[in-house]
Amino acid sequence: MFGKLTVIKIFCEDLDTMAAFYRDRLGLKVREEYPGISVVFDTGHDGELIIQKGDQPRAIAFTQVDIPAAHKAVSDLGPTAIVPHKTGERFEITDPEGNQLIFVNA
């Protein structure tokens, strides 16, 4: 295992409706909000659900990752370069269906 699976990103057409559903109907607390772009919800246990405007595949993120070791372990899958992240470093790969897998050492 590369770390903790703690982030799920869902893309949507109607950001306001989706945000209201997760906030008002399911009771998730808003952690961060970027009007017209995305809303980040606290799912508990250090996890977050990101609702983002767009029609891209889903994305999930593993946190607390040993970035150099994980990058090397998936080198045959063509990972992106290791780049800065707001809390450390990150890189990405895609699964066989084109969904993003993000690895962060946060």
# chains A, B, ... in the order shown; residues from 1 in each chain; ligands from 1
$ residues_around --residues "stretch 16-27 of chain A" --least-positions-apart "4" --cutoff "8 Å" --atoms "only C-alpha atoms" --output "ChimeraX atom specification"
/A:12,39,41,51
$ write_last_selection --atoms "C-alpha atoms" --output "compact mmCIF listing (two decimals), in the first residue's frame"
# COMPACT_ATOMS: atom_id res chain seq x y z
CA CYS A 12 -20.05 17.41 -12.15
CA VAL A 39 -16.03 22.61 -3.04
CA PHE A 41 -15.87 18.63 2.10
CA ILE A 51 -16.84 18.22 -5.99
$ residues_around --residues "A:His85" --least-positions-apart "4" --cutoff "8 Å" --atoms "only C-alpha atoms" --output "MDAnalysis selection string"
chainID A and resid 89:90 104
$ residues_around --residues "stretch 2-9 of chain A" --least-positions-apart "2" --cutoff "7 Å" --atoms "only C-alpha atoms" --output "short mmCIF file (atom, residue, chain, number, x, y, z; two decimals) with all heavy atoms, in the first residue's frame"
data_model
loop_
_atom_site.label_atom_id
_atom_site.label_comp_id
_atom_site.auth_asym_id
_atom_site.auth_seq_id
_atom_site.Cartn_x
_atom_site.Cartn_y
_atom_site.Cartn_z
N PHE A 11 -16.33 14.89 -10.53
CA PHE A 11 -16.59 16.00 -11.44
C PHE A 11 -18.09 16.05 -11.74
O PHE A 11 -18.75 15.02 -11.76
CB PHE A 11 -15.78 15.83 -12.72
CG PHE A 11 -14.30 16.00 -12.49
CD1 PHE A 11 -13.52 14.91 -12.17
CD2 PHE A 11 -13.72 17.25 -12.56
CE1 PHE A 11 -12.16 15.07 -11.93
CE2 PHE A 11 -12.37 17.42 -12.32
CZ PHE A 11 -11.58 16.32 -12.00
N ASP A 46 -9.60 12.51 8.54
CA ASP A 46 -8.62 13.16 7.66
C ASP A 46 -8.94 13.01 6.19
O ASP A 46 -8.07 13.19 5.34
CB ASP A 46 -7.20 12.67 7.94
CG ASP A 46 -6.73 13.01 9.34
OD1 ASP A 46 -7.09 14.10 9.82
OD2 ASP A 46 -6.03 12.20 9.95
N GLY A 47 -10.17 12.67 5.83
CA GLY A 47 -10.53 12.49 4.44
C GLY A 47 -11.27 13.68 3.87
O GLY A 47 -11.79 14.52 4.61
N GLU A 48 -11.28 13.76 2.55
CA GLU A 48 -12.06 14.82 1.92
C GLU A 48 -12.69 14.34 0.62
O GLU A 48 -12.18 13.46 -0.06
CB GLU A 48 -11.23 16.09 1.68
CG GLU A 48 -9.96 15.92 0.94
CD GLU A 48 -9.14 17.21 0.89
OE1 GLU A 48 -9.04 17.94 1.89
OE2 GLU A 48 -8.57 17.47 -0.18
N LEU A 49 -13.83 14.94 0.33
CA LEU A 49 -14.54 14.73 -0.92
C LEU A 49 -14.51 16.06 -1.65
O LEU A 49 -14.91 17.08 -1.10
CB LEU A 49 -16.00 14.32 -0.66
CG LEU A 49 -16.92 14.32 -1.87
CD1 LEU A 49 -16.49 13.26 -2.89
CD2 LEU A 49 -18.36 14.10 -1.44
N ILE A 50 -14.03 16.04 -2.89
CA ILE A 50 -13.97 17.26 -3.70
C ILE A 50 -15.00 17.14 -4.81
O ILE A 50 -14.99 16.17 -5.56
CB ILE A 50 -12.56 17.45 -4.30
CG1 ILE A 50 -11.50 17.50 -3.20
CG2 ILE A 50 -12.53 18.72 -5.17
CD1 ILE A 50 -10.09 17.42 -3.70
N ILE A 51 -15.87 18.12 -4.90
CA ILE A 51 -16.84 18.22 -5.99
C ILE A 51 -16.30 19.32 -6.89
O ILE A 51 -16.11 20.45 -6.43
CB ILE A 51 -18.25 18.60 -5.47
CG1 ILE A 51 -18.72 17.64 -4.40
CG2 ILE A 51 -19.23 18.68 -6.63
CD1 ILE A 51 -18.88 16.23 -4.85
N ARG A 58 -13.02 10.37 -12.71
CA ARG A 58 -12.88 10.52 -11.26
C ARG A 58 -11.41 10.58 -10.87
O ARG A 58 -10.55 10.14 -11.61
CB ARG A 58 -13.54 9.35 -10.55
CG ARG A 58 -15.05 9.42 -10.62
CD ARG A 58 -15.67 8.08 -10.27
NE ARG A 58 -17.09 8.10 -10.52
CZ ARG A 58 -17.65 7.93 -11.70
NH1 ARG A 58 -16.91 7.75 -12.76
NH2 ARG A 58 -18.96 7.95 -11.83
N ALA A 59 -11.17 11.08 -9.66
CA ALA A 59 -9.82 11.12 -9.14
C ALA A 59 -9.84 10.69 -7.68
O ALA A 59 -10.78 11.02 -6.95
CB ALA A 59 -9.23 12.53 -9.27
N ILE A 60 -8.84 9.95 -7.28
CA ILE A 60 -8.68 9.58 -5.88
C ILE A 60 -7.24 9.92 -5.48
O ILE A 60 -6.36 9.98 -6.33
CB ILE A 60 -8.98 8.09 -5.61
CG1 ILE A 60 -8.05 7.18 -6.41
CG2 ILE A 60 -10.44 7.79 -5.93
CD1 ILE A 60 -8.21 5.71 -6.08
N ALA A 61 -7.03 10.15 -4.20
CA ALA A 61 -5.69 10.51 -3.75
C ALA A 61 -5.30 9.69 -2.53
O ALA A 61 -6.10 9.47 -1.62
CB ALA A 61 -5.61 12.00 -3.42
N PHE A 62 -4.06 9.27 -2.56
CA PHE A 62 -3.43 8.61 -1.43
C PHE A 62 -2.57 9.65 -0.73
O PHE A 62 -1.83 10.38 -1.39
CB PHE A 62 -2.55 7.45 -1.90
CG PHE A 62 -3.31 6.31 -2.50
CD1 PHE A 62 -3.63 6.30 -3.85
CD2 PHE A 62 -3.70 5.23 -1.72
CE1 PHE A 62 -4.32 5.24 -4.42
CE2 PHE A 62 -4.41 4.17 -2.28
CZ PHE A 62 -4.72 4.18 -3.62
N THR A 63 -2.67 9.73 0.60
CA THR A 63 -1.86 10.67 1.36
C THR A 63 -0.89 9.90 2.25
O THR A 63 -0.98 8.69 2.38
CB THR A 63 -2.75 11.59 2.21
OG1 THR A 63 -3.56 10.80 3.09
CG2 THR A 63 -3.65 12.45 1.33
N GLN A 64 0.03 10.63 2.85
CA GLN A 64 1.07 10.06 3.71
C GLN A 64 1.88 9.03 2.93
O GLN A 64 2.19 7.95 3.44
CB GLN A 64 0.46 9.47 4.98
CG GLN A 64 -0.25 10.50 5.82
CD GLN A 64 -0.86 9.94 7.08
OE1 GLN A 64 -0.74 8.76 7.39
NE2 GLN A 64 -1.52 10.79 7.83
N VAL A 65 2.23 9.38 1.70
CA VAL A 65 2.94 8.49 0.79
C VAL A 65 4.44 8.79 0.82
O VAL A 65 4.84 9.95 0.87
CB VAL A 65 2.41 8.69 -0.65
CG1 VAL A 65 3.19 7.89 -1.65
CG2 VAL A 65 0.93 8.35 -0.71
N ALA A 70 7.16 5.38 -3.94
CA ALA A 70 5.94 5.12 -4.72
C ALA A 70 6.17 5.45 -6.20
O ALA A 70 5.74 4.71 -7.08
CB ALA A 70 4.77 5.93 -4.17
#
$ closest_residue --among "A:Thr43, A:Asp95, A:Val83, A:Leu77" --to "A:Arg31" --atoms "only C-alpha atoms"
A:Thr43
$ atom_distance --atom1 "atom CA of A:Asp55" --atom2 "atom CA of A:Glu13"
7.0 Å
$ select_by_dssp --residues "chain A" --states "helix (DSSP H, G or I)" --output "PyMOL selection string"
chain A and resi 15-25+67-73+75-77
$ residues_around --residues "A:Thr87" --least-positions-apart "3" --cutoff "9 Å" --atoms "only C-alpha atoms" --output "list in words"
Pro84, Val104, Asn105 and Ala106 of chain A
$ write_last_selection --atoms "C-alpha atoms" --output "mmCIF file, in the first residue's frame"
data_model
loop_
_atom_site.group_PDB
_atom_site.id
_atom_site.type_symbol
_atom_site.label_atom_id
_atom_site.label_comp_id
_atom_site.auth_asym_id
_atom_site.auth_seq_id
_atom_site.Cartn_x
_atom_site.Cartn_y
_atom_site.Cartn_z
ATOM 1 C CA PRO A 84 5.240 20.664 -5.228
ATOM 2 C CA VAL A 104 0.786 13.070 -1.955
ATOM 3 C CA ASN A 105 3.165 13.060 1.001
ATOM 4 C CA ALA A 106 0.786 15.209 3.065
#
$ atom_distance --atom1 "atom CA of A:Pro68" --atom2 "atom CA of A:Ile82"
8.4 Å
$ select_by_dssp --residues "chain A" --states "strand (DSSP E)" --output "PyMOL selection string"
chain A and resi 4-12+29-34+38-44+47-53+59-63+83-85+88-94+100-104
$ atom_distance --atom1 "atom CA of A:Ile102" --atom2 "atom CA of A:Val40"
15.9 Å
$ closest_residue --among "A:His45, A:Lys53, A:Lys29, A:His71" --to "A:Ile93" --atoms "only C-alpha atoms"
A:His71
$ closest_residue --among "A:Tyr34, A:Phe103, A:Pro79, A:Ile10" --to "A:Ile67" --atoms "only C-alpha atoms"
A:Phe103
$ decode --residues "stretch 6-30 of chain A" --atoms "N, CA, C and O atoms" --output "short mmCIF file (atom, residue, chain, number, x, y, z; two decimals), in the first residue's frame"
data_model
loop_
_atom_site.label_atom_id
_atom_site.label_comp_id
_atom_site.auth_asym_id
_atom_site.auth_seq_id
_atom_site.Cartn_x
_atom_site.Cartn_y
_atom_site.Cartn_z
N THR A 6 -7.48 8.81 1.02
CA THR A 6 -8.23 9.77 1.81
C THR A 6 -8.97 10.83 1.01
O THR A 6 -9.70 11.62 1.59
N VAL A 7 -8.77 10.88 -0.30
CA VAL A 7 -9.41 11.93 -1.10
C VAL A 7 -10.12 11.30 -2.30
O VAL A 7 -9.55 10.48 -3.00
N ILE A 8 -11.36 11.72 -2.50
CA ILE A 8 -12.12 11.33 -3.69
C ILE A 8 -12.58 12.61 -4.36
O ILE A 8 -13.11 13.52 -3.70
N LYS A 9 -12.38 12.70 -5.67
CA LYS A 9 -12.82 13.87 -6.44
C LYS A 9 -13.87 13.42 -7.45
O LYS A 9 -13.66 12.48 -8.19
N ILE A 10 -15.02 14.12 -7.43
CA ILE A 10 -16.11 13.84 -8.35
C ILE A 10 -16.30 15.08 -9.22
O ILE A 10 -16.43 16.20 -8.70
N PHE A 11 -16.33 14.89 -10.53
CA PHE A 11 -16.59 16.00 -11.44
C PHE A 11 -18.09 16.05 -11.74
O PHE A 11 -18.75 15.02 -11.76
N CYS A 12 -18.62 17.25 -11.95
CA CYS A 12 -20.05 17.41 -12.15
C CYS A 12 -20.35 18.57 -13.07
O CYS A 12 -19.50 19.42 -13.31
N GLU A 13 -21.58 18.61 -13.56
CA GLU A 13 -22.03 19.71 -14.40
C GLU A 13 -22.59 20.86 -13.56
O GLU A 13 -22.31 22.01 -13.81
N ASP A 14 -23.37 20.52 -12.52
CA ASP A 14 -24.05 21.53 -11.71
C ASP A 14 -23.42 21.54 -10.31
O ASP A 14 -23.85 20.84 -9.40
N LEU A 15 -22.42 22.38 -10.15
CA LEU A 15 -21.66 22.44 -8.90
C LEU A 15 -22.54 22.85 -7.72
O LEU A 15 -22.46 22.26 -6.64
N ASP A 16 -23.41 23.84 -7.91
CA ASP A 16 -24.25 24.31 -6.81
C ASP A 16 -25.19 23.22 -6.29
O ASP A 16 -25.34 23.04 -5.08
N THR A 17 -25.81 22.48 -7.20
CA THR A 17 -26.72 21.41 -6.80
C THR A 17 -25.97 20.30 -6.08
O THR A 17 -26.42 19.79 -5.05
N MET A 18 -24.81 19.93 -6.61
CA MET A 18 -24.01 18.87 -5.98
C MET A 18 -23.52 19.31 -4.61
O MET A 18 -23.58 18.54 -3.64
N ALA A 19 -23.04 20.54 -4.50
CA ALA A 19 -22.56 21.04 -3.21
C ALA A 19 -23.69 21.06 -2.19
O ALA A 19 -23.51 20.65 -1.04
N ALA A 20 -24.87 21.52 -2.60
CA ALA A 20 -26.01 21.56 -1.69
C ALA A 20 -26.39 20.15 -1.24
O ALA A 20 -26.72 19.93 -0.07
N PHE A 21 -26.35 19.19 -2.15
CA PHE A 21 -26.68 17.82 -1.79
C PHE A 21 -25.75 17.29 -0.71
O PHE A 21 -26.20 16.80 0.33
N TYR A 22 -24.45 17.38 -0.91
CA TYR A 22 -23.50 16.83 0.06
C TYR A 22 -23.48 17.64 1.36
O TYR A 22 -23.31 17.07 2.44
N ARG A 23 -23.69 18.96 1.27
CA ARG A 23 -23.69 19.80 2.46
C ARG A 23 -25.00 19.69 3.22
O ARG A 23 -25.02 19.41 4.42
N ASP A 24 -26.12 19.91 2.53
CA ASP A 24 -27.41 20.02 3.19
C ASP A 24 -28.11 18.69 3.43
O ASP A 24 -28.74 18.49 4.46
N ARG A 25 -28.03 17.79 2.48
CA ARG A 25 -28.72 16.51 2.63
C ARG A 25 -27.89 15.48 3.37
O ARG A 25 -28.41 14.70 4.16
N LEU A 26 -26.58 15.43 3.10
CA LEU A 26 -25.73 14.43 3.75
C LEU A 26 -24.97 14.98 4.95
O LEU A 26 -24.35 14.22 5.69
N GLY A 27 -24.99 16.29 5.14
CA GLY A 27 -24.42 16.89 6.34
C GLY A 27 -22.90 17.00 6.37
O GLY A 27 -22.32 17.19 7.44
N LEU A 28 -22.25 16.92 5.21
CA LEU A 28 -20.79 17.08 5.20
C LEU A 28 -20.45 18.55 5.40
O LEU A 28 -21.11 19.44 4.88
N LYS A 29 -19.39 18.80 6.16
CA LYS A 29 -18.97 20.17 6.42
C LYS A 29 -18.01 20.63 5.33
O LYS A 29 -17.13 19.89 4.91
N VAL A 30 -18.21 21.88 4.88
CA VAL A 30 -17.33 22.46 3.87
C VAL A 30 -15.99 22.80 4.50
O VAL A 30 -15.94 23.48 5.53
#
